[in-house]
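Text of the file data36.pdb, holding PDB, C-alpha atoms, pLDDT in the B column:
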```pdb
ATOM      1  CA  MET F   1     -55.506  -9.428 -29.715  1.00 65.00           C
ATOM      2  CA  ASN F   2     -56.117  -6.315 -27.614  1.00 74.00           C
ATOM      3  CA  THR F   3     -52.939  -4.896 -26.156  1.00 88.00           C
ATOM      4  CA  PRO F   4     -52.548  -6.470 -22.691  1.00 95.00           C
ATOM      5  CA  LEU F   5     -53.130  -3.971 -19.884  1.00 97.00           C
ATOM      6  CA  LEU F   6     -49.788  -4.865 -18.287  1.00 97.00           C
ATOM      7  CA  TYR F   7     -48.052  -4.038 -21.549  1.00 97.00           C
ATOM      8  CA  GLN F   8     -50.007  -0.789 -21.862  1.00 96.00           C
ATOM      9  CA  ALA F   9     -48.889   0.170 -18.364  1.00 97.00           C
ATOM     10  CA  ALA F  10     -45.273  -0.499 -19.291  1.00 97.00           C
ATOM     11  CA  LEU F  11     -45.584   1.624 -22.445  1.00 96.00           C
ATOM     12  CA  GLN F  12     -46.810   4.480 -20.256  1.00 96.00           C
ATOM     13  CA  GLY F  13     -43.964   3.988 -17.800  1.00 95.00           C
ATOM     14  CA  VAL F  14     -46.087   3.113 -14.788  1.00 95.00           C
ATOM     15  CA  PHE F  15     -45.241  -0.583 -14.487  1.00 97.00           C
ATOM     16  CA  GLY F  16     -42.399  -2.858 -15.450  1.00 96.00           C
ATOM     17  CA  LYS F  17     -39.350  -2.045 -17.573  1.00 96.00           C
ATOM     18  CA  ARG F  18     -39.051  -1.635 -21.332  1.00 96.00           C
ATOM     19  CA  GLU F  19     -35.906  -2.037 -23.430  1.00 97.00           C
ATOM     20  CA  GLN F  20     -36.159  -0.502 -26.898  1.00 96.00           C
ATOM     21  CA  TYR F  21     -33.856  -1.584 -29.738  1.00 97.00           C
ATOM     22  CA  SER F  22     -33.711  -0.567 -33.383  1.00 97.00           C
ATOM     23  CA  ARG F  23     -36.360  -2.978 -34.679  1.00 97.00           C
ATOM     24  CA  SER F  24     -37.653  -4.705 -31.554  1.00 97.00           C
ATOM     25  CA  SER F  25     -38.377  -4.309 -27.867  1.00 97.00           C
ATOM     26  CA  ILE F  26     -38.358  -6.379 -24.688  1.00 98.00           C
ATOM     27  CA  THR F  27     -40.845  -5.391 -22.011  1.00 98.00           C
ATOM     28  CA  ASP F  28     -40.597  -6.993 -18.574  1.00 98.00           C
ATOM     29  CA  ALA F  29     -44.030  -6.456 -17.022  1.00 97.00           C
ATOM     30  CA  LEU F  30     -44.799  -9.648 -15.066  1.00 97.00           C
ATOM     31  CA  PHE F  31     -44.747 -11.392 -18.450  1.00 98.00           C
ATOM     32  CA  VAL F  32     -41.874 -10.686 -20.828  1.00 98.00           C
ATOM     33  CA  TYR F  33     -43.438  -9.183 -23.942  1.00 98.00           C
ATOM     34  CA  LEU F  34     -41.450  -9.478 -27.182  1.00 98.00           C
ATOM     35  CA  ASP F  35     -42.425  -7.003 -29.890  1.00 97.00           C
ATOM     36  CA  GLY F  36     -41.173  -5.992 -33.312  1.00 97.00           C
ATOM     37  CA  GLU F  37     -38.661  -7.964 -35.369  1.00 96.00           C
ATOM     38  CA  PRO F  38     -36.118 -10.041 -33.396  1.00 96.00           C
ATOM     39  CA  GLU F  39     -32.509  -8.956 -33.800  1.00 96.00           C
ATOM     40  CA  PRO F  40     -29.336 -10.820 -32.793  1.00 95.00           C
ATOM     41  CA  GLU F  41     -28.893  -8.463 -29.849  1.00 95.00           C
ATOM     42  CA  THR F  42     -32.427  -8.796 -28.555  1.00 96.00           C
ATOM     43  CA  PHE F  43     -32.576 -12.555 -28.994  1.00 94.00           C
ATOM     44  CA  ALA F  44     -29.273 -12.918 -27.148  1.00 96.00           C
ATOM     45  CA  ARG F  45     -30.735 -10.751 -24.375  1.00 97.00           C
ATOM     46  CA  VAL F  46     -33.772 -12.996 -24.065  1.00 97.00           C
ATOM     47  CA  ASP F  47     -31.607 -16.105 -24.173  1.00 94.00           C
ATOM     48  CA  SER F  48     -29.310 -14.906 -21.383  1.00 95.00           C
ATOM     49  CA  HIS F  49     -31.630 -12.993 -19.046  1.00 96.00           C
ATOM     50  CA  PHE F  50     -35.164 -14.328 -19.377  1.00 97.00           C
ATOM     51  CA  ARG F  51     -34.925 -18.099 -19.091  1.00 94.00           C
ATOM     52  CA  GLY F  52     -37.506 -19.381 -16.651  1.00 94.00           C
ATOM     53  CA  ARG F  53     -39.752 -16.372 -17.327  1.00 97.00           C
ATOM     54  CA  PRO F  54     -43.062 -16.383 -19.244  1.00 98.00           C
ATOM     55  CA  LEU F  55     -42.445 -15.063 -22.759  1.00 98.00           C
ATOM     56  CA  VAL F  56     -45.291 -13.614 -24.825  1.00 98.00           C
ATOM     57  CA  CYS F  57     -44.593 -13.008 -28.523  1.00 97.00           C
ATOM     58  CA  LEU F  58     -46.558 -10.017 -29.786  1.00 96.00           C
ATOM     59  CA  THR F  59     -45.467 -10.629 -33.384  1.00 96.00           C
ATOM     60  CA  LYS F  60     -45.279 -13.694 -35.609  1.00 96.00           C
ATOM     61  CA  ALA F  61     -41.596 -12.967 -36.212  1.00 97.00           C
ATOM     62  CA  TRP F  62     -40.769 -13.423 -32.542  1.00 97.00           C
ATOM     63  CA  GLU F  63     -42.863 -16.571 -32.284  1.00 97.00           C
ATOM     64  CA  LYS F  64     -41.094 -18.132 -35.288  1.00 97.00           C
ATOM     65  CA  GLN F  65     -37.720 -17.218 -33.804  1.00 96.00           C
ATOM     66  CA  ILE F  66     -38.493 -18.779 -30.423  1.00 97.00           C
ATOM     67  CA  GLN F  67     -39.858 -21.932 -32.051  1.00 96.00           C
ATOM     68  CA  ALA F  68     -36.838 -22.250 -34.361  1.00 96.00           C
ATOM     69  CA  GLN F  69     -34.158 -21.617 -31.754  1.00 94.00           C
ATOM     70  CA  HIS F  70     -35.837 -23.390 -28.839  1.00 95.00           C
ATOM     71  CA  PRO F  71     -38.036 -26.253 -30.104  1.00 95.00           C
ATOM     72  CA  ASP F  72     -37.819 -27.705 -26.582  1.00 95.00           C
ATOM     73  CA  ALA F  73     -39.362 -24.613 -24.967  1.00 96.00           C
ATOM     74  CA  ALA F  74     -42.356 -25.314 -22.755  1.00 97.00           C
ATOM     75  CA  LEU F  75     -45.588 -23.999 -24.247  1.00 97.00           C
ATOM     76  CA  TYR F  76     -48.739 -23.004 -22.377  1.00 96.00           C
ATOM     77  CA  ARG F  77     -51.980 -21.527 -23.638  1.00 97.00           C
ATOM     78  CA  ARG F  78     -53.801 -18.678 -21.938  1.00 97.00           C
ATOM     79  CA  THR F  79     -57.094 -16.965 -22.793  1.00 97.00           C
ATOM     80  CA  MET F  80     -57.524 -13.223 -22.897  1.00 97.00           C
ATOM     81  CA  MET F  81     -61.112 -12.217 -22.236  1.00 97.00           C
ATOM     82  CA  LYS F  82     -62.667  -9.093 -23.744  1.00 97.00           C
ATOM     83  CA  PRO F  83     -62.434  -6.133 -21.323  1.00 97.00           C
ATOM     84  CA  ALA F  84     -65.813  -5.356 -19.797  1.00 98.00           C
ATOM     85  CA  CYS F  85     -67.502  -2.924 -17.446  1.00 97.00           C
ATOM     86  CA  ARG F  86     -70.898  -4.655 -17.226  1.00 97.00           C
ATOM     87  CA  PHE F  87     -71.142  -8.092 -15.668  1.00 98.00           C
ATOM     88  CA  THR F  88     -73.548 -10.890 -14.906  1.00 96.00           C
ATOM     89  CA  ILE F  89     -73.523 -11.131 -11.128  1.00 94.00           C
ATOM     90  CA  PRO F  90     -74.881 -14.518  -9.955  1.00 86.00           C
ATOM     91  CA  GLU F  91     -77.079 -14.858  -6.935  1.00 80.00           C
ATOM     92  CA  LYS F  92     -75.281 -14.541  -3.629  1.00 79.00           C
ATOM     93  CA  THR F  93     -72.983 -17.474  -2.977  1.00 76.00           C
ATOM     94  CA  GLU F  94     -73.574 -19.079   0.390  1.00 87.00           C
ATOM     95  CA  LEU F  95     -70.211 -19.741   1.953  1.00 95.00           C
ATOM     96  CA  PRO F  96     -69.526 -22.709   4.252  1.00 95.00           C
ATOM     97  CA  GLU F  97     -69.705 -22.153   7.980  1.00 96.00           C
ATOM     98  CA  GLY F  98     -66.746 -20.249   9.349  1.00 97.00           C
ATOM     99  CA  TYR F  99     -66.105 -18.171   6.232  1.00 97.00           C
ATOM    100  CA  ARG F 100     -66.796 -14.445   5.938  1.00 97.00           C
ATOM    101  CA  LEU F 101     -66.826 -12.326   2.764  1.00 97.00           C
ATOM    102  CA  THR F 102     -65.964  -8.638   2.866  1.00 97.00           C
ATOM    103  CA  CYS F 103     -64.605  -5.918   0.646  1.00 96.00           C
ATOM    104  CA  MET F 104     -60.856  -5.425   0.753  1.00 97.00           C
ATOM    105  CA  ASP F 105     -60.569  -2.793   3.464  1.00 96.00           C
ATOM    106  CA  GLU F 106     -57.405  -1.104   4.661  1.00 97.00           C
ATOM    107  CA  ALA F 107     -56.572  -3.852   7.141  1.00 96.00           C
ATOM    108  CA  ALA F 108     -56.785  -6.544   4.454  1.00 97.00           C
ATOM    109  CA  PHE F 109     -54.912  -4.388   1.947  1.00 98.00           C
ATOM    110  CA  GLU F 110     -51.999  -3.855   4.325  1.00 97.00           C
ATOM    111  CA  ARG F 111     -51.604  -7.627   4.637  1.00 97.00           C
ATOM    112  CA  HIS F 112     -51.207  -7.943   0.841  1.00 97.00           C
ATOM    113  CA  PRO F 113     -52.742 -11.432   0.710  1.00 97.00           C
ATOM    114  CA  PHE F 114     -51.269 -13.492  -2.164  1.00 97.00           C
ATOM    115  CA  SER F 115     -49.278 -10.306  -3.014  1.00 96.00           C
ATOM    116  CA  HIS F 116     -52.522  -8.512  -3.880  1.00 97.00           C
ATOM    117  CA  GLY F 117     -52.283  -4.739  -3.735  1.00 96.00           C
ATOM    118  CA  GLU F 118     -48.498  -4.603  -3.919  1.00 97.00           C
ATOM    119  CA  ASN F 119     -48.532  -2.534  -7.118  1.00 97.00           C
ATOM    120  CA  TYR F 120     -50.280   0.368  -5.393  1.00 97.00           C
ATOM    121  CA  PRO F 121     -48.171   2.838  -3.399  1.00 97.00           C
ATOM    122  CA  CYS F 122     -50.653   3.045  -0.533  1.00 97.00           C
ATOM    123  CA  TRP F 123     -54.179   2.223   0.618  1.00 98.00           C
ATOM    124  CA  ALA F 124     -55.493   5.596  -0.555  1.00 98.00           C
ATOM    125  CA  ALA F 125     -54.341   4.897  -4.114  1.00 98.00           C
ATOM    126  CA  PHE F 126     -55.912   1.441  -4.077  1.00 98.00           C
ATOM    127  CA  GLN F 127     -59.156   2.821  -2.649  1.00 97.00           C
ATOM    128  CA  ALA F 128     -59.307   5.497  -5.356  1.00 97.00           C
ATOM    129  CA  GLU F 129     -58.325   3.426  -8.390  1.00 98.00           C
ATOM    130  CA  GLY F 130     -58.595  -0.258  -7.479  1.00 98.00           C
ATOM    131  CA  SER F 131     -61.073  -2.749  -6.097  1.00 98.00           C
ATOM    132  CA  GLY F 132     -61.049  -6.010  -4.213  1.00 98.00           C
ATOM    133  CA  ALA F 133     -62.722  -8.479  -1.875  1.00 98.00           C
ATOM    134  CA  VAL F 134     -61.501 -11.133   0.542  1.00 98.00           C
ATOM    135  CA  VAL F 135     -62.860 -14.181   2.328  1.00 98.00           C
ATOM    136  CA  TYR F 136     -61.749 -14.683   5.917  1.00 98.00           C
ATOM    137  CA  TYR F 137     -61.564 -17.991   7.715  1.00 98.00           C
ATOM    138  CA  GLY F 138     -61.144 -16.959  11.278  1.00 96.00           C
ATOM    139  CA  VAL F 139     -58.354 -14.364  11.188  1.00 95.00           C
ATOM    140  CA  ASP F 140     -56.770 -15.854   8.047  1.00 97.00           C
ATOM    141  CA  ILE F 141     -57.510 -14.674   4.513  1.00 98.00           C
ATOM    142  CA  ALA F 142     -58.491 -17.791   2.598  1.00 98.00           C
ATOM    143  CA  ALA F 143     -59.220 -16.159  -0.765  1.00 98.00           C
ATOM    144  CA  ALA F 144     -58.957 -12.777  -2.438  1.00 98.00           C
ATOM    145  CA  ALA F 145     -59.842 -11.037  -5.675  1.00 98.00           C
ATOM    146  CA  SER F 146     -58.370  -7.643  -6.421  1.00 98.00           C
ATOM    147  CA  SER F 147     -56.997  -5.346  -9.058  1.00 98.00           C
ATOM    148  CA  PHE F 148     -53.388  -6.210  -9.887  1.00 98.00           C
ATOM    149  CA  LEU F 149     -52.914  -2.666 -11.180  1.00 97.00           C
ATOM    150  CA  SER F 150     -54.967   0.260 -12.439  1.00 98.00           C
ATOM    151  CA  LEU F 151     -54.538   2.270 -15.633  1.00 98.00           C
ATOM    152  CA  ASN F 152     -56.786   4.996 -17.016  1.00 96.00           C
ATOM    153  CA  GLY F 153     -59.985   3.715 -15.420  1.00 97.00           C
ATOM    154  CA  ALA F 154     -59.234   0.051 -16.109  1.00 98.00           C
ATOM    155  CA  ILE F 155     -57.874  -2.712 -13.881  1.00 98.00           C
ATOM    156  CA  GLU F 156     -56.302  -6.151 -14.300  1.00 98.00           C
ATOM    157  CA  LEU F 157     -58.145  -8.717 -12.189  1.00 98.00           C
ATOM    158  CA  ASP F 158     -56.232 -11.146  -9.979  1.00 97.00           C
ATOM    159  CA  VAL F 159     -57.873 -13.901  -7.931  1.00 97.00           C
ATOM    160  CA  SER F 160     -56.295 -16.419  -5.544  1.00 96.00           C
ATOM    161  CA  THR F 161     -57.412 -19.086  -3.072  1.00 97.00           C
ATOM    162  CA  LYS F 162     -55.289 -20.963  -0.574  1.00 97.00           C
ATOM    163  CA  GLU F 163     -54.935 -24.570  -1.653  1.00 96.00           C
ATOM    164  CA  SER F 164     -56.410 -25.894   1.603  1.00 97.00           C
ATOM    165  CA  HIS F 165     -59.603 -23.857   1.038  1.00 97.00           C
ATOM    166  CA  ARG F 166     -60.261 -24.616  -2.625  1.00 96.00           C
ATOM    167  CA  GLY F 167     -63.447 -26.194  -3.921  1.00 94.00           C
ATOM    168  CA  LYS F 168     -65.715 -24.064  -1.722  1.00 95.00           C
ATOM    169  CA  LYS F 169     -66.609 -21.302  -4.243  1.00 94.00           C
ATOM    170  CA  LEU F 170     -64.590 -18.727  -2.333  1.00 96.00           C
ATOM    171  CA  ALA F 171     -63.096 -17.280  -5.531  1.00 95.00           C
ATOM    172  CA  THR F 172     -66.570 -16.930  -7.042  1.00 95.00           C
ATOM    173  CA  ALA F 173     -67.760 -15.020  -3.986  1.00 96.00           C
ATOM    174  CA  CYS F 174     -64.749 -12.686  -4.037  1.00 97.00           C
ATOM    175  CA  VAL F 175     -65.008 -11.972  -7.740  1.00 97.00           C
ATOM    176  CA  ALA F 176     -68.756 -11.305  -7.486  1.00 97.00           C
ATOM    177  CA  ARG F 177     -68.249  -8.755  -4.718  1.00 97.00           C
ATOM    178  CA  MET F 178     -65.396  -7.086  -6.574  1.00 98.00           C
ATOM    179  CA  LEU F 179     -67.146  -6.928  -9.958  1.00 98.00           C
ATOM    180  CA  GLN F 180     -70.266  -5.474  -8.374  1.00 97.00           C
ATOM    181  CA  ASP F 181     -68.108  -2.655  -7.021  1.00 97.00           C
ATOM    182  CA  CYS F 182     -66.385  -2.168 -10.385  1.00 98.00           C
ATOM    183  CA  MET F 183     -69.705  -2.033 -12.205  1.00 97.00           C
ATOM    184  CA  GLU F 184     -71.062   0.571  -9.793  1.00 97.00           C
ATOM    185  CA  ARG F 185     -67.937   2.710 -10.215  1.00 97.00           C
ATOM    186  CA  GLY F 186     -67.612   2.318 -14.000  1.00 97.00           C
ATOM    187  CA  ILE F 187     -64.272   0.510 -13.865  1.00 98.00           C
ATOM    188  CA  THR F 188     -63.315  -1.578 -16.906  1.00 98.00           C
ATOM    189  CA  VAL F 189     -61.987  -5.019 -15.962  1.00 98.00           C
ATOM    190  CA  HIS F 190     -59.366  -6.993 -17.888  1.00 98.00           C
ATOM    191  CA  TRP F 191     -59.243 -10.743 -17.239  1.00 98.00           C
ATOM    192  CA  ASP F 192     -56.357 -12.854 -18.518  1.00 97.00           C
ATOM    193  CA  ALA F 193     -57.293 -16.474 -17.776  1.00 97.00           C
ATOM    194  CA  GLN F 194     -54.342 -18.746 -17.070  1.00 95.00           C
ATOM    195  CA  ASN F 195     -56.306 -21.998 -17.458  1.00 94.00           C
ATOM    196  CA  GLY F 196     -59.700 -23.489 -18.225  1.00 94.00           C
ATOM    197  CA  ALA F 197     -60.994 -23.044 -14.687  1.00 93.00           C
ATOM    198  CA  SER F 198     -60.199 -19.346 -14.766  1.00 95.00           C
ATOM    199  CA  ARG F 199     -61.775 -18.961 -18.221  1.00 97.00           C
ATOM    200  CA  HIS F 200     -64.970 -20.719 -17.123  1.00 96.00           C
ATOM    201  CA  LEU F 201     -65.172 -18.510 -14.040  1.00 95.00           C
ATOM    202  CA  ALA F 202     -64.812 -15.410 -16.210  1.00 97.00           C
ATOM    203  CA  GLU F 203     -67.548 -16.647 -18.560  1.00 97.00           C
ATOM    204  CA  LYS F 204     -69.796 -17.175 -15.554  1.00 95.00           C
ATOM    205  CA  PHE F 205     -69.676 -13.415 -15.002  1.00 97.00           C
ATOM    206  CA  GLY F 206     -70.420 -12.591 -18.638  1.00 97.00           C
ATOM    207  CA  PHE F 207     -66.902 -12.174 -20.007  1.00 98.00           C
ATOM    208  CA  GLU F 208     -66.391 -13.267 -23.607  1.00 97.00           C
ATOM    209  CA  ILE F 209     -63.264 -14.766 -25.119  1.00 97.00           C
ATOM    210  CA  GLU F 210     -61.086 -12.285 -26.997  1.00 97.00           C
ATOM    211  CA  THR F 211     -58.320 -14.667 -28.061  1.00 96.00           C
ATOM    212  CA  GLU F 212     -56.105 -17.523 -26.979  1.00 96.00           C
ATOM    213  CA  TYR F 213     -52.363 -16.989 -27.021  1.00 97.00           C
ATOM    214  CA  SER F 214     -49.138 -18.825 -26.292  1.00 97.00           C
ATOM    215  CA  VAL F 215     -46.708 -18.390 -23.422  1.00 98.00           C
ATOM    216  CA  TYR F 216     -43.208 -19.853 -23.834  1.00 98.00           C
ATOM    217  CA  TRP F 217     -40.719 -20.855 -21.137  1.00 97.00           C
ATOM    218  CA  LEU F 218     -37.149 -21.425 -22.247  1.00 95.00           C
ATOM    219  CA  PRO F 219     -35.480 -24.499 -20.736  1.00 89.00           C
TER     220      PRO F 219
END
```

Conversion result in structure tokens:
Amino acid sequence: MNTPLLYQAALQGVFGKREQYSRSSITDALFVYLDGEPEPETFARVDSHFRGRPLVCLTKAWEKQIQAQHPDAALYRRTMMKPACRFTIPEKTELPEGYRLTCMDEAAFERHPFSHGENYPCWAAFQAEGSGAVVYYGVDIAAAASSFLSLNGAIELDVSTKESHRGKKLATACVARMLQDCMERGITVHWDAQNGASRHLAEKFGFEIETEYSVYWLP
């Protein structure tokens, strides 16, 4: 699969933390990426420090090691979509009464809804390199889509909706506004879908499936 943008950012030293060993590496960048050939030292490190964290095996050797040593590990499947800079923007979504869609301005950014924007040092950096949109319900932010981080003209998309406001197409409206901005500015968008609903939403905007991959959680 394409190298995940979060992992790329860690390799460039702008996000997360990377531990390099003789034949393998452990990269803690939201997910814990395991690369190379597992060694006793690195596997012991994973076993002692990264239980309860999402593990992504970038090599077959790591995947076989995890499966052999932890057959009871929880396994989830995610879908990485192909990065894109051109999108299919559906017709404007009519929101229910009381909801208001807007770009993520400075006031919304400073509130960091759902932790959005926290990986940017300031509003100016987000404005220059990132993108986002929010839906207000009164003074509350009910939903948001934004760039989780930016790297070399590309961003990782993150979208969230408060549980009490779901089922009203708020996420669709946020993503549409954000992707329109990204398309106009030539920003490449990476979308890592955590479930079927997220994958179907991505496909609605013209994203294509790159690959499915496994995420392990040690008991």

The centre and edge lengths of an axis-aligned box containing all atoms of region 199-209 of chain F present in the file, extended by 3 Å on each side, are to be given in Å to one decimal, as AutoDock Vina command-line options.
```
--center_x -66.1 --center_y -16.4 --center_z -19.6 --size_x 14.6 --size_y 14.5 --size_z 17.1
```

### Message
Could you list, as a count of residues only, every residue within 9 Å of Pro90 (chain F), counting only C-alpha atoms and ignoring same-chain residues fewer than 3 positions away?
### Response
4

### Task
Write out as an MDAnalysis selection string which residues come within 12 Å of region 32-39 of chain F when counting all atoms listed in the file, dropping same-chain ones fewer than 4 positions away.
chainID F and resid 3:8 10:11 16:28 43:47 49:66 69 214:218

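Applied to the file shown here, the PyMOL selection byres ((chain F and resi 118) around 12) selects the residues Phe15, Ala108, Phe109, Glu110, Arg111, His112, Pro113, Phe114, Ser115, His116, Gly117, Asn119, Tyr120, Pro121, Cys122, Trp123, Ala125, Phe126, Gly130, Ser146, Ser147, Phe148, Leu149, Ser150 and Asp158 of chain F.
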
### Query
Looking at only C-alpha atoms, which of F:Val159, F:Ile89, F:Leu101, F:Ala68 is the one that sits closest to Ala171 (chain F)?
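The answer is F:Val159, which sits nearest to Ala171 (chain F).
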
### Task
Enter the distance from CA of Leu201 (chain F) to CA of Arg177 (chain F), in Å, rounded to one decimal.
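Value for the CA of Leu201 (chain F)-CA of Arg177 (chain F) distance: 13.8 Å.
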
### Message
Just the number, please: distance in Å from CA of Glu106 (chain F) to CA of Tyr136 (chain F), one decimal.
### Response
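Going from CA of Glu106 (chain F) over to CA of Tyr136 (chain F) covers 14.3 Å.
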
#### Entry: Near-Glu208 (chain F) list (10 Å; all atoms listed in the file; drop same-chain fewer than 6 positions) as a ChimeraX atom specification
/F:80-84,191,199-200,202

Dump as a short mmCIF file (atom, residue, chain, number, x, y, z; two decimals), in the frame of the given file, selection limited to C-alpha atoms:
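Contents of out-v9.cif, as written:
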```
data_model
loop_
_atom_site.label_atom_id
_atom_site.label_comp_id
_atom_site.auth_asym_id
_atom_site.auth_seq_id
_atom_site.Cartn_x
_atom_site.Cartn_y
_atom_site.Cartn_z
CA MET F 80 -57.52 -13.22 -22.90
CA MET F 81 -61.11 -12.22 -22.24
CA LYS F 82 -62.67 -9.09 -23.74
CA PRO F 83 -62.43 -6.13 -21.32
CA ALA F 84 -65.81 -5.36 -19.80
CA TRP F 191 -59.24 -10.74 -17.24
CA ARG F 199 -61.78 -18.96 -18.22
CA HIS F 200 -64.97 -20.72 -17.12
CA ALA F 202 -64.81 -15.41 -16.21
#
```

### Query
For Gly206 (chain F), which residue among F:Thr42, F:Asn2, F:Thr88, F:Ser160 is the nearest when counting only C-alpha atoms?
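Residue with the minimum atom-to-atom distance to Gly206 (chain F): F:Thr88.
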
### Query
Expanded to explicit residues, what is the PyMOL selection byres ((chain F and resi 73) around 6) for this file, as an MDAnalysis selection string?
chainID F and resid 70:72 74 217:219

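Here the PyMOL selection byres ((chain F and resi 165) around 12) matches the residues Leu95, Pro96, Gly98, Tyr99, Val135, Tyr136, Tyr137, Asp140, Ile141, Ala142, Ala143, Ala144, Ser160, Thr161, Lys162, Glu163, Ser164, Arg166, Gly167, Lys168, Lys169, Leu170 and Ala171 of chain F.
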
### Query
CA of Gln12 (chain F) and CA of Glu210 (chain F) are how many Å apart?
23.0 Å

### Of the listed residues F:Ala145, F:Arg86, F:Ile209, F:Asn152, that which approaches Cys182 (chain F) most closely, counting all atoms listed in the file
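Result for the nearest residue to Cys182 (chain F): F:Arg86.
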